[in-house]
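Structure file start.txt (compact mmCIF, C-alpha atoms) is printed below.
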```txt
# COMPACT_ATOMS: atom_id res chain seq x y z
CA MET A 689 0.00 0.00 0.00
CA THR A 690 1.37 3.41 -0.97
CA VAL A 691 1.07 6.21 1.57
CA SER A 692 0.41 9.64 0.08
CA SER A 693 3.25 12.12 0.56
CA ARG A 694 0.65 14.52 1.95
CA VAL A 695 -0.09 12.21 4.88
CA THR A 696 2.23 12.50 7.87
CA PRO A 697 2.33 9.48 10.18
CA PRO A 698 1.53 10.40 13.80
CA ALA A 699 4.22 10.22 16.46
CA ASP A 700 2.63 7.07 17.90
CA ALA A 701 2.24 5.27 14.55
CA ALA A 702 4.43 2.34 15.60
CA ALA A 703 2.45 1.86 18.81
CA ARG A 704 -0.83 1.89 16.92
CA ARG A 705 0.43 -0.79 14.54
CA ALA A 706 1.71 -2.90 17.42
CA VAL A 707 -1.74 -3.40 18.95
CA LYS A 708 -2.42 -7.14 19.27
CA PRO A 709 -5.13 -8.63 17.06
CA VAL A 710 -8.28 -10.19 18.50
CA VAL A 711 -9.94 -13.13 16.77
CA VAL A 712 -13.52 -12.05 16.08
CA TYR A 713 -15.10 -15.48 16.54
CA PRO A 714 -12.72 -17.45 18.82
CA ASN A 715 -12.39 -21.21 18.51
CA GLY A 716 -14.78 -22.90 20.89
CA THR A 717 -17.61 -20.39 20.63
CA LEU A 718 -19.11 -21.99 17.52
CA PRO A 719 -21.19 -25.17 18.00
CA GLN A 720 -19.16 -28.04 16.61
CA PRO A 721 -20.51 -30.94 14.53
CA ASP A 722 -19.97 -34.44 15.88
CA MET A 723 -17.26 -35.43 13.40
CA ALA A 724 -16.62 -38.80 15.03
CA ARG A 725 -20.25 -39.73 14.50
CA LEU A 726 -20.22 -38.51 10.91
CA GLU A 727 -17.12 -40.63 10.31
CA THR A 728 -19.07 -43.67 11.52
CA VAL A 729 -21.97 -42.75 9.23
CA ARG A 730 -19.56 -42.37 6.28
CA ALA A 731 -18.78 -46.09 6.50
CA THR A 732 -22.35 -46.87 5.38
CA LEU A 733 -22.48 -44.68 2.26
CA GLU A 734 -24.13 -46.03 -0.89
CA LYS A 735 -23.87 -44.06 -4.12
CA THR A 736 -27.25 -43.06 -5.53
CA ASP A 737 -26.45 -40.61 -8.32
CA GLU A 738 -23.73 -38.70 -10.12
CA VAL A 739 -23.50 -35.61 -12.32
CA ILE A 740 -20.70 -34.83 -14.75
CA VAL A 741 -19.91 -31.13 -15.15
CA PRO A 742 -18.28 -30.57 -18.57
CA PRO A 743 -15.32 -28.20 -18.93
CA ARG A 744 -16.29 -24.51 -19.09
CA SER A 745 -19.86 -25.39 -18.17
CA GLY A 746 -22.14 -25.72 -15.16
CA ARG A 747 -24.63 -28.23 -13.79
CA THR A 748 -26.96 -28.48 -10.82
CA PHE A 749 -27.57 -31.40 -8.47
CA ARG A 750 -29.85 -32.19 -5.53
CA VAL A 751 -28.83 -33.60 -2.17
CA PRO A 752 -31.48 -34.62 0.39
CA LYS A 753 -30.92 -33.68 4.01
CA GLY A 754 -28.77 -36.29 5.71
CA HIS A 755 -27.09 -37.41 2.48
CA PHE A 756 -23.51 -36.78 1.40
CA PHE A 757 -22.00 -35.45 -1.79
CA ARG A 758 -18.51 -35.35 -3.23
CA ILE A 759 -16.90 -33.09 -5.81
CA VAL A 760 -14.34 -35.25 -7.58
CA SER A 761 -11.40 -34.58 -9.89
CA ILE A 762 -11.61 -37.22 -12.63
CA GLU A 763 -9.36 -36.41 -15.61
CA GLY A 764 -6.96 -33.57 -14.82
CA PRO A 765 -6.31 -30.61 -12.51
CA GLN A 766 -9.49 -28.54 -12.50
CA VAL A 767 -11.07 -26.09 -10.08
CA GLY A 768 -14.79 -25.67 -9.54
CA ASP A 769 -17.05 -22.87 -8.30
CA LEU A 770 -19.76 -24.09 -5.93
CA ASN A 771 -23.12 -22.49 -5.14
CA LEU A 772 -25.61 -23.95 -2.65
CA TRP A 773 -29.29 -23.11 -2.18
CA ASN A 774 -32.04 -24.33 0.11
CA ALA A 775 -33.78 -26.70 -2.31
CA ASP A 776 -37.17 -25.26 -1.28
CA ASN A 777 -36.20 -21.58 -1.05
CA LEU A 778 -33.61 -20.06 -3.37
CA SER A 779 -33.40 -16.93 -1.25
CA GLU A 780 -31.57 -18.97 1.39
CA ARG A 781 -28.15 -19.54 -0.14
CA PHE A 782 -24.54 -20.05 0.79
CA PHE A 783 -23.01 -17.06 2.62
CA SER A 784 -19.29 -17.12 1.84
CA GLY A 785 -18.53 -13.97 3.84
CA LYS A 786 -19.97 -15.32 7.09
CA THR A 787 -18.41 -18.72 6.47
CA ARG A 788 -15.05 -16.97 6.11
CA ALA A 789 -15.58 -14.99 9.31
CA LEU A 790 -16.71 -18.01 11.34
CA HIS A 791 -14.00 -20.38 10.07
CA ALA A 792 -11.13 -19.09 7.90
CA THR A 793 -10.16 -17.87 4.45
CA HIS A 794 -9.90 -21.49 3.30
CA VAL A 795 -12.05 -24.36 4.55
CA THR A 796 -11.48 -28.06 5.12
CA THR A 797 -12.74 -31.05 7.11
CA GLY A 798 -14.89 -30.02 10.08
CA ASP A 799 -15.76 -26.60 8.69
CA ARG A 800 -19.32 -25.78 7.65
CA LEU A 801 -20.90 -23.76 4.87
CA TRP A 802 -23.36 -21.26 6.36
CA SER A 803 -26.48 -19.77 4.82
CA THR A 804 -27.59 -16.18 4.42
CA MET A 805 -29.57 -14.26 7.00
CA PRO A 806 -32.18 -14.45 8.38
CA SER A 807 -31.75 -18.24 8.37
CA LEU A 808 -27.99 -18.25 9.15
CA ARG A 809 -27.53 -21.96 9.72
CA PRO A 810 -25.13 -24.63 8.49
CA MET A 811 -26.12 -25.89 5.05
CA ALA A 812 -23.34 -28.47 4.73
CA THR A 813 -20.46 -29.81 6.79
CA ILE A 814 -17.17 -30.81 5.16
CA THR A 815 -16.56 -34.43 6.11
CA HIS A 816 -13.47 -35.34 4.06
CA ASP A 817 -10.84 -33.43 2.09
CA THR A 818 -8.13 -35.36 0.25
CA LEU A 819 -6.22 -32.07 -0.11
CA GLY A 820 -6.26 -31.48 3.64
CA TRP A 821 -2.51 -32.12 3.66
CA TYR A 822 -1.80 -28.90 1.71
CA GLY A 823 -2.26 -26.35 4.49
CA PHE A 824 -0.66 -23.01 3.57
CA ASP A 825 2.40 -22.79 1.33
CA GLU A 826 5.29 -20.33 1.39
CA ASP A 827 3.34 -17.87 -0.75
CA GLY A 828 0.46 -17.92 1.72
CA GLY A 829 -1.66 -19.96 -0.67
CA GLY A 830 -4.28 -22.44 0.51
CA VAL A 831 -6.94 -24.63 -1.08
CA HIS A 832 -10.77 -24.29 -1.12
CA ASP A 833 -11.14 -20.56 -0.56
CA VAL A 834 -14.05 -18.39 0.47
CA ILE A 835 -12.25 -15.14 -0.31
CA GLY A 836 -12.72 -14.98 -4.08
CA THR A 837 -16.01 -14.37 -5.82
CA ARG A 838 -16.33 -16.13 -9.19
CA CYS A 839 -15.05 -15.19 -12.62
CA ASP A 840 -17.76 -13.22 -14.40
CA PRO A 841 -18.32 -11.58 -17.79
CA TYR A 842 -18.94 -8.15 -16.29
CA THR A 843 -15.51 -7.86 -14.67
CA HIS A 844 -13.96 -9.37 -17.78
CA ARG A 845 -15.55 -6.68 -19.92
CA LEU A 846 -14.55 -3.98 -17.43
CA LEU A 847 -10.89 -5.02 -17.48
CA SER A 848 -10.41 -6.12 -21.08
CA GLY A 849 -13.36 -4.74 -23.02
CA GLY A 850 -14.03 -8.23 -24.36
CA THR A 851 -16.97 -10.60 -24.17
CA TYR A 852 -16.63 -14.11 -22.76
CA ASP A 853 -19.71 -16.21 -22.10
CA HIS A 854 -18.35 -19.19 -20.16
CA CYS A 855 -17.30 -17.51 -16.92
CA CYS A 856 -18.36 -19.35 -13.76
CA HIS A 857 -21.04 -16.73 -13.05
CA SER A 858 -22.64 -17.41 -16.42
CA ASN A 859 -22.22 -21.17 -16.14
CA LEU A 860 -23.95 -21.21 -12.75
CA THR A 861 -26.73 -18.94 -13.97
CA ASP A 862 -27.33 -21.07 -17.06
CA ALA A 863 -27.48 -24.22 -14.93
CA LEU A 864 -29.88 -22.68 -12.40
CA ALA A 865 -32.09 -21.28 -15.17
CA GLU A 866 -32.31 -24.67 -16.86
CA THR A 867 -33.18 -26.44 -13.61
CA THR A 868 -35.79 -23.94 -12.38
CA GLY A 869 -37.23 -22.80 -15.71
CA LEU A 870 -36.44 -19.21 -14.82
CA PRO A 871 -35.22 -16.87 -17.58
CA PHE A 872 -31.48 -16.07 -17.36
CA ARG A 873 -32.07 -12.55 -16.00
CA GLU A 874 -34.41 -13.85 -13.28
CA ALA A 875 -32.08 -16.68 -12.26
CA GLU A 876 -28.98 -14.48 -12.23
CA PRO A 877 -29.63 -12.66 -8.91
CA TYR A 878 -29.72 -16.01 -7.09
CA VAL A 879 -26.15 -16.82 -8.15
CA HIS A 880 -23.78 -15.83 -5.38
CA ASP A 881 -20.19 -15.79 -4.16
CA VAL A 882 -18.75 -19.25 -4.22
CA LEU A 883 -16.64 -21.83 -2.51
CA ASN A 884 -13.68 -22.14 -4.87
CA VAL A 885 -13.25 -25.90 -4.74
CA PHE A 886 -9.68 -27.14 -5.36
CA MET A 887 -8.51 -23.59 -6.17
CA CYS A 888 -5.20 -22.49 -4.61
CA THR A 889 -5.33 -18.82 -3.63
CA GLY A 890 -4.12 -16.23 -1.17
CA PHE A 891 -3.03 -12.63 -0.86
CA THR A 892 0.39 -11.37 -1.93
CA LYS A 893 2.64 -10.46 1.00
CA ASP A 894 3.58 -7.03 -0.31
CA THR A 895 0.48 -5.56 -2.01
CA LYS A 896 -2.12 -7.88 -0.39
CA GLN A 897 -3.66 -8.62 -3.78
CA TYR A 898 -5.74 -11.74 -4.36
CA PHE A 899 -3.69 -14.33 -6.28
CA MET A 900 -4.20 -17.78 -7.74
CA LYS A 901 -1.66 -20.47 -8.52
CA ALA A 902 -1.70 -23.96 -9.98
CA SER A 903 -4.08 -26.19 -8.04
CA PRO A 904 -2.52 -29.26 -6.40
CA VAL A 905 -5.62 -31.33 -7.25
CA ARG A 906 -5.14 -34.57 -9.16
CA PRO A 907 -7.57 -37.20 -10.47
CA GLY A 908 -9.08 -39.06 -7.55
CA ASP A 909 -8.99 -36.12 -5.16
CA PHE A 910 -12.33 -35.07 -3.72
CA LEU A 911 -14.04 -32.74 -1.28
CA GLU A 912 -16.95 -34.34 0.60
CA PHE A 913 -19.92 -32.73 2.32
CA PHE A 914 -22.79 -33.76 4.61
CA ALA A 915 -26.09 -32.03 3.75
CA GLU A 916 -27.57 -30.42 6.86
CA ILE A 917 -30.68 -29.29 4.91
CA ASP A 918 -32.22 -30.24 1.56
CA LEU A 919 -29.83 -28.76 -0.97
CA LEU A 920 -29.81 -27.64 -4.56
CA GLY A 921 -26.20 -27.32 -5.64
CA GLY A 922 -24.62 -25.64 -8.64
CA LEU A 923 -21.08 -26.34 -9.84
CA SER A 924 -19.07 -24.70 -12.62
CA ALA A 925 -15.92 -26.25 -14.09
CA CYS A 926 -13.95 -23.02 -14.30
CA PRO A 927 -12.58 -21.92 -17.70
CA GLY A 928 -9.30 -21.30 -15.89
CA GLY A 929 -8.64 -25.05 -15.58
CA ASP A 930 -6.17 -25.39 -12.71
CA CYS A 931 -5.97 -21.56 -12.51
CA SER A 932 -2.20 -21.55 -12.97
CA ALA A 933 -2.23 -18.69 -15.48
CA THR A 934 -5.56 -17.27 -16.59
CA HIS A 935 -9.33 -17.54 -16.51
CA SER A 936 -12.26 -16.14 -18.51
CA SER A 937 -10.83 -17.50 -21.76
CA ASP A 938 -10.44 -20.67 -23.82
CA VAL A 939 -6.67 -20.71 -23.31
CA ALA A 940 -6.32 -23.02 -20.29
CA ALA A 941 -6.54 -26.80 -20.44
CA CYS A 942 -9.86 -27.68 -18.78
CA TYR A 943 -11.31 -30.95 -17.53
CA PRO A 944 -14.70 -32.18 -16.29
CA LEU A 945 -15.64 -32.55 -12.65
CA LYS A 946 -17.92 -35.16 -11.13
CA VAL A 947 -20.47 -34.76 -8.34
CA GLU A 948 -21.41 -37.96 -6.53
CA ILE A 949 -24.42 -38.29 -4.22
CA PHE A 950 -24.46 -40.84 -1.39
CA ARG A 951 -27.17 -42.13 0.95
CA PRO A 952 -26.02 -43.33 4.38
CA ASP A 953 -27.79 -45.59 6.82
CA LEU A 954 -30.28 -42.92 7.86
CA SER A 955 -31.12 -44.76 11.09
CA LEU A 956 -27.71 -43.65 12.36
CA LEU A 957 -28.90 -40.04 12.01
CA ALA A 958 -32.27 -40.48 13.70
CA ASP A 959 -31.43 -37.97 16.43
CA TRP A 960 -28.97 -35.82 14.47
CA PRO A 961 -29.53 -32.13 15.36
CA PHE A 962 -30.46 -30.92 11.89
CA PRO A 963 -30.49 -27.11 12.08
CA GLY A 964 -33.61 -25.03 11.97
CA VAL A 965 -33.52 -21.41 10.90
CA ASN A 966 -31.75 -18.99 13.23
CA GLY A 967 -33.82 -18.16 16.29
CA TYR A 968 -33.19 -14.41 16.35
CA GLN A 969 -36.31 -12.22 16.06
CA PRO A 970 -36.04 -8.45 15.59
CA PRO A 971 -38.07 -6.33 18.04
CA SER A 972 -40.81 -5.65 15.48
CA CYS A 973 -41.39 -9.38 15.06
CA ARG A 974 -41.47 -10.41 18.72
```
Would you mind writing the file out in structure tokens?
Amino acid sequence: MTVSSRVTPPADAAARRAVKPVVVYPNGTLPQPDMARLETVRATLEKTDEVIVPPRSGRTFRVPKGHFFRIVSIEGPQVGDLNLWNADNLSERFFSGKTRALHATHVTTGDRLWSTMPSLRPMATITHDTLGWYGFDEDGGGVHDVIGTRCDPYTHRLLSGGTYDHCCHSNLTDALAETTGLPFREAEPYVHDVLNVFMCTGFTKDTKQYFMKASPVRPGDFLEFFAEIDLLGGLSACPGGDCSATHSSDVAACYPLKVEIFRPDLSLLADWPFPGVNGYQPPSCR
């Protein structure tokens, strides 16, 4: 960050910078899912469906409450942009900003994907991550971020003046429109900031700019979720491929992704505390 020559640092500038940070939502204050129990349930999974998402395209899928789904790399290194909606109410959707605040910039096993207010409840819990070994690299990069948005044709036009129709925003909107029967322009407002599955991202150490680098994902890797509510999912196979160089173009090598749906022994979840909508009521509604 460049400081204007017209701005004079105060005499106590160093002291102000030295103030210790405070974690906004400390570990231990957030209700934790019973991961040991979910691990037991995982042993009973039976595959019921799968969806192939072609390169530079998007597809939707449905996951009943209590079922599991996996996003799987099947042919080559490829990142995906994930949207989640309440299957019965599109206005309740994945809230990447609150998920980031409650957990971290990048999510993995044990973290949850939270929904928008006023519901504000876990939509899905991450139950397995074959890239959980990656952690954070020397550049500060990590996998599965909730800090980026999604590549979109509007920003592309703003920056380059060009038109590209297979950005993740467009792919997700097309998929949602096809599934719901809504026209593109009516479906578009429901598309939201994503979980960047398999994408390796961070912020540069000097300028703090959002960066991407080649994803470590390889065929056979997957990210697995437990559906806490009935879900409609949308997944785009990003035109950036492994996001090692570019996106919003046909330049990168791109590969399909697979979504697998699994049914567990539901008797093992008979008393699982599936979340209702958030209990807060504003004064005017009490």
Smallest atom-to-atom distance to Gln969 in chain A: which of A:Gly785, A:Pro806, A:Pro709, A:Gly716, using all atoms listed in the file?
A:Pro806
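Between Glu912 in chain A and the residues A:Glu727, A:Glu876, A:Asp853, A:Asp840, the shortest atom-to-atom distance, using all atoms listed in the file, involves A:Glu727.
Closest approach to Asn966 in chain A among A:Leu808, A:Val885, A:Leu954, A:Ala792 is made by A:Leu808 (distances from all atoms listed in the file).
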Quick one: of A:Leu847, A:Ala933, A:Val767, A:Ala812, who's nearest to Lys901 in chain A, counting only C-alpha atoms?
A:Ala933
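CA of Arg788 in chain A to CA of Ile949 in chain A spans 25.5 Å [interatomic distance, one decimal].
Compared by their closest atoms to Asp799 in chain A, and using all atoms listed in the file, the residues A:Val834, A:Arg694, A:Asn777, A:Leu733 rank with A:Val834 nearest.
In this structure, CA of Asp918 in chain A sits 4.6 Å away from CA of Pro752 in chain A.
Going from CA of Leu923 in chain A over to CA of Glu826 in chain A, you cover 29.3 Å.
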Using only C-alpha atoms, find the one residue out of A:Glu948, A:Asp930, A:Glu916, A:Asp959 that sits nearest to Pro765 in chain A.
A:Asp930
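Neighbouring residues of Phe783 in chain A at 10 Å or closer, counting all atoms listed in the file and skipping chain neighbours under 2 positions away, are Asn771, Leu772, Trp773, Glu780, Arg781, Gly785, Lys786, Thr787, Arg788, Leu801, Trp802, Ser803, Thr804, Met805, Leu808, Arg809, Pro810, Met811, Val834, His880, Asp881, Val882 and Leu883 of chain A.
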Excluding Thr796 in chain A and its own-chain neighbours fewer than 4 positions away, which residues fall within 8 Å of it when counting all atoms listed in the file? Please give them as a PyMOL selection string.
chain A and resi 814+816-817+820+832
I want to know what sits within 9 Å of Ser924 in chain A, based on all atoms listed in the file, with residues of the same chain fewer than 2 positions away left out; could you give that as JSON, numbers by chain?
{"A": [741, 742, 743, 744, 745, 746, 747, 748, 767, 768, 769, 770, 771, 855, 856, 857, 858, 859, 860, 863, 922, 926, 927, 945]}
List every protein, DNA or RNA residue that has at least one atom no more than 10 Å from (-6.2, -22.1, -5.1) in the file's coordinates, counting all atoms listed in the file, and write the result as an MDAnalysis selection string.
chainID A and resid 767 794 829:833 836 884:890 899:905 930:932
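Contact shell of Pro719 in chain A at 12 Å (all atoms listed in the file; same-chain neighbours under 5 positions omitted): Tyr713, Pro714, Leu790, His791, Gly798, Asp799, Arg800, Arg809, Pro810, Pro961 and Pro963 of chain A.
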Fix up range 708-731 of chain A with N, CA, C and O atoms, then write it as a short mmCIF file (atom, residue, chain, number, x, y, z; two decimals), in the frame of the given file.
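Result written to out-v6.cif:
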```
data_model
loop_
_atom_site.label_atom_id
_atom_site.label_comp_id
_atom_site.auth_asym_id
_atom_site.auth_seq_id
_atom_site.Cartn_x
_atom_site.Cartn_y
_atom_site.Cartn_z
N LYS A 708 -2.22 -5.72 19.53
CA LYS A 708 -2.42 -7.14 19.27
C LYS A 708 -3.79 -7.41 18.66
O LYS A 708 -4.79 -6.81 19.07
N PRO A 709 -3.85 -8.30 17.68
CA PRO A 709 -5.13 -8.63 17.06
C PRO A 709 -6.00 -9.47 17.98
O PRO A 709 -5.51 -10.17 18.87
N VAL A 710 -7.30 -9.39 17.76
CA VAL A 710 -8.28 -10.19 18.50
C VAL A 710 -9.09 -10.99 17.49
O VAL A 710 -9.65 -10.42 16.55
N VAL A 711 -9.13 -12.30 17.65
CA VAL A 711 -9.94 -13.13 16.77
C VAL A 711 -11.41 -12.81 17.02
O VAL A 711 -11.88 -12.83 18.17
N VAL A 712 -12.13 -12.51 15.95
CA VAL A 712 -13.52 -12.05 16.08
C VAL A 712 -14.42 -13.15 16.63
O VAL A 712 -15.22 -12.93 17.54
N TYR A 713 -14.30 -14.35 16.07
CA TYR A 713 -15.10 -15.48 16.54
C TYR A 713 -14.14 -16.56 17.03
O TYR A 713 -13.74 -17.43 16.26
N PRO A 714 -13.75 -16.53 18.31
CA PRO A 714 -12.72 -17.45 18.82
C PRO A 714 -13.13 -18.91 18.68
O PRO A 714 -14.33 -19.25 18.73
N ASN A 715 -12.13 -19.77 18.51
CA ASN A 715 -12.39 -21.21 18.51
C ASN A 715 -13.07 -21.60 19.82
O ASN A 715 -12.69 -21.15 20.89
N GLY A 716 -14.08 -22.44 19.70
CA GLY A 716 -14.78 -22.90 20.89
C GLY A 716 -16.11 -22.21 21.12
O GLY A 716 -16.93 -22.70 21.89
N THR A 717 -16.32 -21.07 20.46
CA THR A 717 -17.61 -20.39 20.63
C THR A 717 -18.64 -20.87 19.63
O THR A 717 -19.84 -20.66 19.83
N LEU A 718 -18.21 -21.52 18.56
CA LEU A 718 -19.11 -21.99 17.52
C LEU A 718 -19.51 -23.44 17.82
O LEU A 718 -18.64 -24.28 18.08
N PRO A 719 -20.80 -23.77 17.79
CA PRO A 719 -21.19 -25.17 18.00
C PRO A 719 -20.52 -26.07 16.98
O PRO A 719 -20.51 -25.79 15.79
N GLN A 720 -19.93 -27.15 17.47
CA GLN A 720 -19.16 -28.04 16.61
C GLN A 720 -19.97 -29.27 16.20
O GLN A 720 -20.68 -29.85 17.03
N PRO A 721 -19.85 -29.69 14.94
CA PRO A 721 -20.51 -30.94 14.53
C PRO A 721 -19.81 -32.14 15.15
O PRO A 721 -18.60 -32.08 15.45
N ASP A 722 -20.53 -33.21 15.33
CA ASP A 722 -19.97 -34.44 15.88
C ASP A 722 -19.26 -35.18 14.74
O ASP A 722 -19.85 -36.03 14.06
N MET A 723 -17.98 -34.86 14.53
CA MET A 723 -17.26 -35.43 13.40
C MET A 723 -17.00 -36.93 13.57
O MET A 723 -16.97 -37.67 12.58
N ALA A 724 -16.83 -37.37 14.80
CA ALA A 724 -16.62 -38.80 15.03
C ALA A 724 -17.85 -39.59 14.60
O ALA A 724 -17.75 -40.67 13.99
N ARG A 725 -19.01 -39.05 14.90
CA ARG A 725 -20.25 -39.73 14.50
C ARG A 725 -20.42 -39.71 12.99
O ARG A 725 -20.80 -40.72 12.39
N LEU A 726 -20.11 -38.58 12.37
CA LEU A 726 -20.22 -38.51 10.91
C LEU A 726 -19.23 -39.47 10.25
O LEU A 726 -19.52 -40.04 9.19
N GLU A 727 -18.08 -39.68 10.86
CA GLU A 727 -17.12 -40.63 10.31
C GLU A 727 -17.69 -42.04 10.36
O GLU A 727 -17.52 -42.83 9.42
N THR A 728 -18.40 -42.37 11.42
CA THR A 728 -19.07 -43.67 11.52
C THR A 728 -20.13 -43.80 10.43
O THR A 728 -20.25 -44.85 9.78
N VAL A 729 -20.91 -42.74 10.24
CA VAL A 729 -21.97 -42.75 9.23
C VAL A 729 -21.36 -42.90 7.83
O VAL A 729 -21.93 -43.59 6.97
N ARG A 730 -20.20 -42.29 7.59
CA ARG A 730 -19.56 -42.37 6.28
C ARG A 730 -19.29 -43.82 5.86
O ARG A 730 -19.26 -44.13 4.66
N ALA A 731 -19.09 -44.69 6.82
CA ALA A 731 -18.78 -46.09 6.50
C ALA A 731 -19.96 -46.81 5.87
O ALA A 731 -19.79 -47.92 5.34
#
```
